[in-house]
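As stored in query_3.tsv (TSV, C-alpha atoms):
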chain	number	residue	atom	x	y	z
A	250	MET	CA	31.61	-35.49	45.77
A	251	GLY	CA	35.01	-34.41	44.51
A	252	LEU	CA	36.89	-35.93	41.64
A	253	PHE	CA	39.37	-37.77	43.87
A	254	SER	CA	37.15	-38.40	46.90
A	255	PHE	CA	37.21	-42.13	46.18
A	256	LEU	CA	40.92	-42.11	47.12
A	257	LEU	CA	40.28	-40.84	50.63
A	258	PRO	CA	38.70	-43.25	53.08
A	259	GLN	CA	35.45	-42.11	54.59
A	260	PRO	CA	35.36	-41.76	58.38
A	261	PHE	CA	34.08	-44.83	60.19
A	262	TYR	CA	31.87	-44.32	63.25
A	263	ILE	CA	30.37	-46.59	65.85
A	264	GLY	CA	27.97	-45.89	68.68
A	265	ASP	CA	28.66	-46.85	72.27
A	266	ALA	CA	26.30	-46.75	75.25
A	267	VAL	CA	28.86	-44.98	77.47
A	268	PHE	CA	31.11	-43.07	75.07
A	269	GLY	CA	28.53	-42.12	72.46
A	270	ARG	CA	29.58	-41.61	68.85
A	271	LEU	CA	33.18	-42.75	68.31
A	272	ARG	CA	35.28	-42.11	65.23
A	273	ARG	CA	37.84	-44.74	64.27
A	274	GLU	CA	41.19	-43.05	63.74
A	275	GLU	CA	43.42	-46.08	63.24
A	276	TYR	CA	42.92	-49.77	62.63
A	277	ASP	CA	45.57	-52.49	62.37
A	278	ARG	CA	44.20	-55.32	60.21
A	279	HIS	CA	46.84	-57.75	61.49
A	280	THR	CA	46.20	-57.32	65.22
A	281	GLY	CA	42.68	-55.91	65.26
A	282	GLN	CA	43.92	-53.05	67.44
A	283	THR	CA	41.82	-49.97	66.92
A	284	TRP	CA	41.98	-46.39	68.16
A	285	PHE	CA	38.69	-44.55	68.59
A	286	ILE	CA	38.08	-40.98	69.66
A	287	THR	CA	35.16	-38.85	70.66
A	288	GLU	CA	35.70	-35.13	70.83
A	289	ALA	CA	32.53	-34.00	72.55
A	290	LEU	CA	31.82	-36.42	75.39
A	291	LEU	CA	29.93	-34.77	78.22
A	292	PHE	CA	31.89	-35.35	81.44
A	293	ALA	CA	29.19	-35.30	84.10
A	294	PRO	CA	31.16	-33.98	87.12
A	295	THR	CA	32.26	-30.83	85.31
A	296	GLY	CA	29.41	-30.38	82.85
A	297	ARG	CA	32.01	-29.80	80.11
A	298	ARG	CA	32.68	-31.68	76.91
A	299	ILE	CA	35.99	-33.52	76.69
A	300	GLY	CA	37.87	-35.70	74.24
A	301	CYS	CA	38.13	-39.38	75.03
A	302	TYR	CA	40.77	-41.54	73.36
A	303	LEU	CA	40.42	-45.32	73.45
A	304	ASP	CA	42.68	-48.18	72.39
A	305	THR	CA	40.23	-50.97	71.72
A	306	PRO	CA	39.68	-54.23	69.93
A	307	GLU	CA	38.09	-53.97	66.49
A	308	THR	CA	34.60	-54.19	67.99
A	309	GLY	CA	35.00	-51.05	70.06
A	310	PRO	CA	35.24	-50.25	73.77
A	311	THR	CA	35.26	-53.12	76.23
A	312	ALA	CA	33.02	-53.37	79.28
A	313	ALA	CA	36.14	-52.78	81.41
A	314	GLN	CA	36.80	-49.47	79.64
A	315	GLN	CA	33.22	-48.42	80.22
A	316	VAL	CA	33.50	-49.33	83.91
A	317	LEU	CA	36.74	-47.36	84.25
A	318	TYR	CA	35.26	-44.26	82.63
A	319	ARG	CA	32.20	-44.37	84.90
A	320	HIS	CA	34.52	-44.87	87.88
A	321	ILE	CA	36.51	-41.76	86.91
A	322	GLU	CA	33.27	-39.78	86.74
A	323	GLN	CA	32.02	-41.09	90.08
A	324	GLN	CA	35.36	-40.62	91.88
A	325	TYR	CA	36.32	-37.34	90.21
A	326	ASP	CA	36.53	-35.28	93.42
A	327	THR	CA	38.58	-37.96	95.19
A	328	LEU	CA	40.94	-38.33	92.22
A	329	ILE	CA	41.38	-34.56	91.90
A	330	ALA	CA	42.25	-34.32	95.60
A	331	LYS	CA	45.15	-36.70	94.90
A	332	LEU	CA	46.37	-34.55	91.97
A	333	ILE	CA	46.39	-31.22	93.78
A	334	PRO	CA	49.59	-31.86	95.81
A	335	LEU	CA	51.41	-32.98	92.63
A	336	ILE	CA	50.30	-29.90	90.73
A	337	GLU	CA	51.22	-27.55	93.56
A	338	ASP	CA	54.66	-29.14	93.96
A	339	GLU	CA	55.35	-28.86	90.24
A	340	PHE	CA	54.14	-25.25	89.94
A	341	ARG	CA	56.20	-24.24	92.96
A	342	ASN	CA	59.28	-24.80	90.80
A	343	TRP	CA	58.27	-21.55	89.05
A	344	GLN	CA	56.05	-19.85	91.62
A	345	PRO	CA	57.29	-20.60	95.17
A	346	ASP	CA	54.00	-19.71	96.89
A	347	PHE	CA	51.69	-21.40	94.37
A	348	CYS	CA	48.48	-22.78	95.85
A	349	ILE	CA	45.29	-23.97	94.20
A	350	ALA	CA	42.34	-22.10	95.72
A	351	ASP	CA	39.53	-23.52	93.54
A	352	PHE	CA	40.49	-26.43	91.31
A	353	GLY	CA	37.31	-26.27	89.21
A	354	ALA	CA	37.84	-22.59	88.41
A	355	GLU	CA	41.59	-22.90	87.80
A	356	PHE	CA	41.86	-26.22	85.92
A	357	TRP	CA	39.55	-27.93	83.47
A	358	LEU	CA	39.65	-31.42	82.09
A	359	THR	CA	40.11	-31.60	78.31
A	360	GLY	CA	40.70	-35.30	77.67
A	361	ILE	CA	41.00	-38.83	79.01
A	362	SER	CA	42.96	-41.68	77.41
A	363	ILE	CA	42.05	-45.24	78.26
A	364	PRO	CA	44.09	-48.24	77.07
A	365	GLU	CA	42.55	-51.51	76.01
A	366	LEU	CA	41.22	-53.31	79.08
A	367	GLN	CA	39.70	-56.76	79.19
A	368	HIS	CA	38.95	-57.10	82.91
A	369	PRO	CA	37.38	-54.45	85.16
A	370	SER	CA	39.58	-55.59	88.08
A	371	THR	CA	42.77	-54.63	86.22
A	372	GLU	CA	44.68	-51.68	87.72
A	373	PRO	CA	44.82	-49.72	84.48
A	374	ALA	CA	47.40	-47.17	83.48
A	375	TRP	CA	45.41	-44.28	82.03
A	376	ASP	CA	45.89	-40.54	81.72
A	377	TRP	CA	44.00	-37.29	81.69
A	378	THR	CA	44.86	-33.84	80.45
A	379	PHE	CA	43.96	-30.43	81.85
A	380	GLU	CA	44.25	-26.82	80.80
A	381	THR	CA	44.67	-24.07	83.37
A	382	ILE	CA	44.32	-20.35	83.85
A	383	HIS	CA	47.85	-20.39	85.27
A	384	ASP	CA	49.49	-21.21	81.92
A	385	ALA	CA	47.51	-20.58	78.75
A	386	ASN	CA	50.29	-21.98	76.55
A	387	HIS	CA	50.43	-25.52	77.92
A	388	MET	CA	48.31	-28.54	78.68
A	389	PHE	CA	49.14	-30.79	81.62
A	390	THR	CA	48.85	-34.57	81.44
A	391	PHE	CA	48.80	-36.77	84.51
A	392	TYR	CA	49.38	-40.51	84.33
A	393	MET	CA	47.44	-42.71	86.67
A	394	ASN	CA	47.76	-46.31	87.86
A	395	GLY	CA	44.22	-47.08	88.87
A	396	ASP	CA	43.31	-44.31	91.33
A	397	THR	CA	46.94	-43.43	92.09
A	398	PRO	CA	48.63	-40.57	90.26
A	399	LEU	CA	52.15	-41.34	89.11
A	400	PRO	CA	54.80	-38.78	90.09
A	401	GLY	CA	55.27	-35.76	87.90
A	402	MET	CA	53.27	-34.43	85.03
A	403	GLN	CA	53.81	-33.92	81.32
A	404	MET	CA	53.60	-30.38	80.01
A	405	ASP	CA	52.69	-29.94	76.33
A	406	GLY	CA	52.23	-26.76	74.42
What does the file become when written as structure tokens?
Amino acid sequence: MGLFSFLLPQPFYIGDAVFGRLRREEYDRHTGQTWFITEALLFAPTGRRIGCYLDTPETGPTAAQQVLYRHIEQQYDTLIAKLIPLIEDEFRNWQPDFCIADFGAEFWLTGISIPELQHPSTEPAWDWTFETIHDANHMFTFYMNGDTPLPGMQMDG
């Protein structure tokens, strides 16, 4: 223990049945709003570990957030099929003949962000981020409204 370690807050973790070990990154004492992350959540459809970012109440993820995450896992192939035309259209701005031959080999999921949800029936606005072999310098984020991708994508890098 360092001389000034008492000045730095210790990380706070909770366990969740769906998301596993979550680290609290931010907490607003006035509103109870909390932001948790997990950086090594196994995403079953791909077999890869991803980051998951959750806006939650103080007590942690809601049942609705857990339901949404499981839905994303179960509907992954269907959701990806909806993204492919958006990705191809965007990439064709730089490469006119761009076509995705094998999504799983060309793109990989790195993170999912889920807002605070109270009711599973809510059409949530959530997002997910991918890296690709087609551009090693950028990550691509797609915003979703329920199962519907919103037009465009955000490129970060």
Counting only C-alpha atoms, which residues in segment 332-376 of chain A sit no more than 8 Å from segment 395-400 of chain A? For each one, give the nearest pair of atoms and the distance in Å, sorted by chain then residue number, as JSON lines.
{"residue": "A:Leu332", "atom": "CA", "partner": "A:Pro398", "partner_atom": "CA", "distance": 6.7}
{"residue": "A:Leu335", "atom": "CA", "partner": "A:Pro400", "partner_atom": "CA", "distance": 7.2}
{"residue": "A:Glu372", "atom": "CA", "partner": "A:Gly395", "partner_atom": "CA", "distance": 4.8}
{"residue": "A:Pro373", "atom": "CA", "partner": "A:Gly395", "partner_atom": "CA", "distance": 5.2}
{"residue": "A:Ala374", "atom": "CA", "partner": "A:Gly395", "partner_atom": "CA", "distance": 6.3}
{"residue": "A:Trp375", "atom": "CA", "partner": "A:Gly395", "partner_atom": "CA", "distance": 7.5}
Problem - atom CA of Phe292 of chain A to atom CA of Gly353 of chain A, distance in Å rounded to a single decimal - result: 13.1 Å
Practice task
Could you give me, as number ranges by chain, the residues within 8 Å of Ala289 of chain A, counting all atoms listed in the file and dropping anything in the same chain fewer than 5 positions from it?
Solution key: A: 298-300
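Between Gly281 of chain A and the candidates A:Asp405, A:Arg297, A:Asp304, A:Thr378, the tightest atom-to-atom separation, counting all atoms listed in the file, involves A:Asp304.
Take atom CA of Gly401 of chain A and atom CA of Gln367 of chain A: the distance between them is 27.6 Å.
Among the candidate residues A:Glu355, A:Glu288, A:Glu322, A:Asp346, the one lying nearest to Phe379 of chain A is A:Glu355, with distances computed using all atoms listed in the file.
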Residues near Arg273 of chain A, cut-off 8 Å, only C-alpha atoms, skip fewer than 6 positions along chain, as a PDB file with C-alpha atoms, in the frame of the given file:
ATOM      1  CA  PRO A 260      35.360 -41.760  58.380  1.00  0.00           C
ATOM      2  CA  PHE A 261      34.080 -44.830  60.190  1.00  0.00           C
ATOM      3  CA  TYR A 262      31.870 -44.320  63.250  1.00  0.00           C
ATOM      4  CA  ILE A 263      30.370 -46.590  65.850  1.00  0.00           C
ATOM      5  CA  THR A 283      41.820 -49.970  66.920  1.00  0.00           C
ATOM      6  CA  TRP A 284      41.980 -46.390  68.160  1.00  0.00           C
ATOM      7  CA  PHE A 285      38.690 -44.550  68.590  1.00  0.00           C
ATOM      8  CA  ILE A 286      38.080 -40.980  69.660  1.00  0.00           C
TER       9      ILE A 286
END
Handout entry: Shell around His368 of chain A at 9 Å using all atoms listed in the file, local window under 3 positions removed, as a ChimeraX atom specification
Key = /A:311-314,371
Writer output for current selection, C-alpha atoms, as a CSV table (one decimal), in the coordinates of the input:
chain,number,residue,atom,x,y,z
A,311,THR,CA,35.3,-53.1,76.2
A,312,ALA,CA,33.0,-53.4,79.3
A,313,ALA,CA,36.1,-52.8,81.4
A,314,GLN,CA,36.8,-49.5,79.6
A,371,THR,CA,42.8,-54.6,86.2
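Closest approach to Met388 of chain A among A:Asp265, A:His279, A:Ser362, A:Phe356 is made by A:Phe356 (distances from all atoms listed in the file).
Distances to Ala385 of chain A were evaluated for A:Gln282, A:Glu337, A:Met404, A:Phe347 using only C-alpha atoms, and the minimum falls at A:Met404.
For the pair atom CA of Cys301 of chain A and atom CA of Met402 of chain A, the interatomic distance is 18.8 Å.
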Exercise for the section: Please identify all polymer residues within 7 Å of Glu380 of chain A, counting only C-alpha atoms, omitting same-chain residues fewer than 2 positions from it, and present them as a PyMOL selection string. Expected result: chain A and resi 356-359+387-389
Practice task
Using all atoms listed in the file, find the one residue out of A:Glu275, A:Arg341, A:Val267, A:Tyr302 that sits nearest to His320 of chain A.
Solution key: A:Val267
Problem - Long-range neighbours of Gln323 of chain A as a ChimeraX atom specification, 12 Å cut-off, all atoms listed in the file, 5 positions minimum in chain - result: /A:292-295,316-318,328-329,396
Could segment 338-369 of chain A be completed with N, CA and C atoms and written as a PDB file, keeping the file's coordinate frame, please?
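Just written: rebuild-v3.pdb:
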ATOM      1  N   ASP A 338      53.207 -28.910  93.891  1.00  0.00           N
ATOM      2  CA  ASP A 338      54.660 -29.140  93.960  1.00  0.00           C
ATOM      3  C   ASP A 338      55.347 -28.764  92.662  1.00  0.00           C
ATOM      4  N   GLU A 339      54.746 -29.150  91.546  1.00  0.00           N
ATOM      5  CA  GLU A 339      55.350 -28.860  90.240  1.00  0.00           C
ATOM      6  C   GLU A 339      55.352 -27.354  89.959  1.00  0.00           C
ATOM      7  N   PHE A 340      54.230 -26.693  90.211  1.00  0.00           N
ATOM      8  CA  PHE A 340      54.140 -25.250  89.940  1.00  0.00           C
ATOM      9  C   PHE A 340      55.038 -24.447  90.860  1.00  0.00           C
ATOM     10  N   ARG A 341      55.327 -24.960  92.024  1.00  0.00           N
ATOM     11  CA  ARG A 341      56.200 -24.240  92.960  1.00  0.00           C
ATOM     12  C   ARG A 341      57.638 -24.172  92.461  1.00  0.00           C
ATOM     13  N   ASN A 342      57.962 -24.952  91.429  1.00  0.00           N
ATOM     14  CA  ASN A 342      59.280 -24.800  90.800  1.00  0.00           C
ATOM     15  C   ASN A 342      59.404 -23.444  90.127  1.00  0.00           C
ATOM     16  N   TRP A 343      58.275 -22.846  89.722  1.00  0.00           N
ATOM     17  CA  TRP A 343      58.270 -21.550  89.050  1.00  0.00           C
ATOM     18  C   TRP A 343      57.706 -20.437  89.922  1.00  0.00           C
ATOM     19  N   GLN A 344      56.715 -20.815  90.743  1.00  0.00           N
ATOM     20  CA  GLN A 344      56.050 -19.850  91.620  1.00  0.00           C
ATOM     21  C   GLN A 344      56.099 -20.405  93.043  1.00  0.00           C
ATOM     22  N   PRO A 345      57.055 -19.986  93.853  1.00  0.00           N
ATOM     23  CA  PRO A 345      57.290 -20.600  95.170  1.00  0.00           C
ATOM     24  C   PRO A 345      56.068 -20.661  96.091  1.00  0.00           C
ATOM     25  N   ASP A 346      55.158 -19.716  95.991  1.00  0.00           N
ATOM     26  CA  ASP A 346      54.000 -19.710  96.890  1.00  0.00           C
ATOM     27  C   ASP A 346      52.720 -20.227  96.223  1.00  0.00           C
ATOM     28  N   PHE A 347      52.864 -20.955  95.133  1.00  0.00           N
ATOM     29  CA  PHE A 347      51.690 -21.400  94.370  1.00  0.00           C
ATOM     30  C   PHE A 347      50.783 -22.279  95.220  1.00  0.00           C
ATOM     31  N   CYS A 348      49.485 -21.988  95.136  1.00  0.00           N
ATOM     32  CA  CYS A 348      48.480 -22.780  95.850  1.00  0.00           C
ATOM     33  C   CYS A 348      47.194 -22.751  95.028  1.00  0.00           C
ATOM     34  N   ILE A 349      46.559 -23.885  94.908  1.00  0.00           N
ATOM     35  CA  ILE A 349      45.290 -23.970  94.200  1.00  0.00           C
ATOM     36  C   ILE A 349      44.172 -23.599  95.171  1.00  0.00           C
ATOM     37  N   ALA A 350      43.440 -22.551  94.856  1.00  0.00           N
ATOM     38  CA  ALA A 350      42.340 -22.100  95.720  1.00  0.00           C
ATOM     39  C   ALA A 350      41.023 -22.785  95.340  1.00  0.00           C
ATOM     40  N   ASP A 351      40.776 -22.922  94.027  1.00  0.00           N
ATOM     41  CA  ASP A 351      39.530 -23.520  93.540  1.00  0.00           C
ATOM     42  C   ASP A 351      39.850 -24.311  92.277  1.00  0.00           C
ATOM     43  N   PHE A 352      40.054 -25.603  92.427  1.00  0.00           N
ATOM     44  CA  PHE A 352      40.490 -26.430  91.310  1.00  0.00           C
ATOM     45  C   PHE A 352      39.574 -26.270  90.101  1.00  0.00           C
ATOM     46  N   GLY A 353      38.266 -26.346  90.310  1.00  0.00           N
ATOM     47  CA  GLY A 353      37.310 -26.270  89.210  1.00  0.00           C
ATOM     48  C   GLY A 353      37.361 -24.979  88.426  1.00  0.00           C
ATOM     49  N   ALA A 354      37.736 -23.880  89.088  1.00  0.00           N
ATOM     50  CA  ALA A 354      37.840 -22.590  88.410  1.00  0.00           C
ATOM     51  C   ALA A 354      39.214 -22.395  87.769  1.00  0.00           C
ATOM     52  N   GLU A 355      40.219 -23.107  88.261  1.00  0.00           N
ATOM     53  CA  GLU A 355      41.590 -22.900  87.800  1.00  0.00           C
ATOM     54  C   GLU A 355      42.063 -23.946  86.789  1.00  0.00           C
ATOM     55  N   PHE A 356      41.465 -25.124  86.816  1.00  0.00           N
ATOM     56  CA  PHE A 356      41.860 -26.220  85.920  1.00  0.00           C
ATOM     57  C   PHE A 356      40.602 -26.840  85.331  1.00  0.00           C
ATOM     58  N   TRP A 357      40.685 -27.241  84.072  1.00  0.00           N
ATOM     59  CA  TRP A 357      39.550 -27.930  83.470  1.00  0.00           C
ATOM     60  C   TRP A 357      40.059 -29.102  82.638  1.00  0.00           C
ATOM     61  N   LEU A 358      39.329 -30.185  82.785  1.00  0.00           N
ATOM     62  CA  LEU A 358      39.650 -31.420  82.090  1.00  0.00           C
ATOM     63  C   LEU A 358      39.352 -31.263  80.600  1.00  0.00           C
ATOM     64  N   THR A 359      40.324 -31.672  79.760  1.00  0.00           N
ATOM     65  CA  THR A 359      40.110 -31.600  78.310  1.00  0.00           C
ATOM     66  C   THR A 359      40.079 -32.976  77.655  1.00  0.00           C
ATOM     67  N   GLY A 360      40.686 -33.984  78.299  1.00  0.00           N
ATOM     68  CA  GLY A 360      40.700 -35.300  77.670  1.00  0.00           C
ATOM     69  C   GLY A 360      41.113 -36.402  78.613  1.00  0.00           C
ATOM     70  N   ILE A 361      40.640 -37.611  78.283  1.00  0.00           N
ATOM     71  CA  ILE A 361      41.000 -38.830  79.010  1.00  0.00           C
ATOM     72  C   ILE A 361      41.401 -39.871  77.983  1.00  0.00           C
ATOM     73  N   SER A 362      42.509 -40.575  78.260  1.00  0.00           N
ATOM     74  CA  SER A 362      42.960 -41.680  77.410  1.00  0.00           C
ATOM     75  C   SER A 362      42.877 -42.974  78.196  1.00  0.00           C
ATOM     76  N   ILE A 363      42.225 -43.956  77.599  1.00  0.00           N
ATOM     77  CA  ILE A 363      42.050 -45.240  78.260  1.00  0.00           C
ATOM     78  C   ILE A 363      42.605 -46.338  77.354  1.00  0.00           C
ATOM     79  N   PRO A 364      43.529 -47.152  77.876  1.00  0.00           N
ATOM     80  CA  PRO A 364      44.090 -48.240  77.070  1.00  0.00           C
ATOM     81  C   PRO A 364      43.080 -49.372  76.933  1.00  0.00           C
ATOM     82  N   GLU A 365      43.417 -50.343  76.119  1.00  0.00           N
ATOM     83  CA  GLU A 365      42.550 -51.510  76.010  1.00  0.00           C
ATOM     84  C   GLU A 365      42.563 -52.271  77.324  1.00  0.00           C
ATOM     85  N   LEU A 366      41.380 -52.560  77.832  1.00  0.00           N
ATOM     86  CA  LEU A 366      41.220 -53.310  79.080  1.00  0.00           C
ATOM     87  C   LEU A 366      40.252 -54.453  78.832  1.00  0.00           C
ATOM     88  N   GLN A 367      40.598 -55.611  79.333  1.00  0.00           N
ATOM     89  CA  GLN A 367      39.700 -56.760  79.190  1.00  0.00           C
ATOM     90  C   GLN A 367      38.946 -57.063  80.475  1.00  0.00           C
ATOM     91  N   HIS A 368      39.552 -56.745  81.630  1.00  0.00           N
ATOM     92  CA  HIS A 368      38.950 -57.100  82.910  1.00  0.00           C
ATOM     93  C   HIS A 368      38.799 -55.860  83.787  1.00  0.00           C
ATOM     94  N   PRO A 369      37.594 -55.630  84.319  1.00  0.00           N
ATOM     95  CA  PRO A 369      37.380 -54.450  85.160  1.00  0.00           C
ATOM     96  C   PRO A 369      38.281 -54.422  86.395  1.00  0.00           C
TER      97      PRO A 369
END
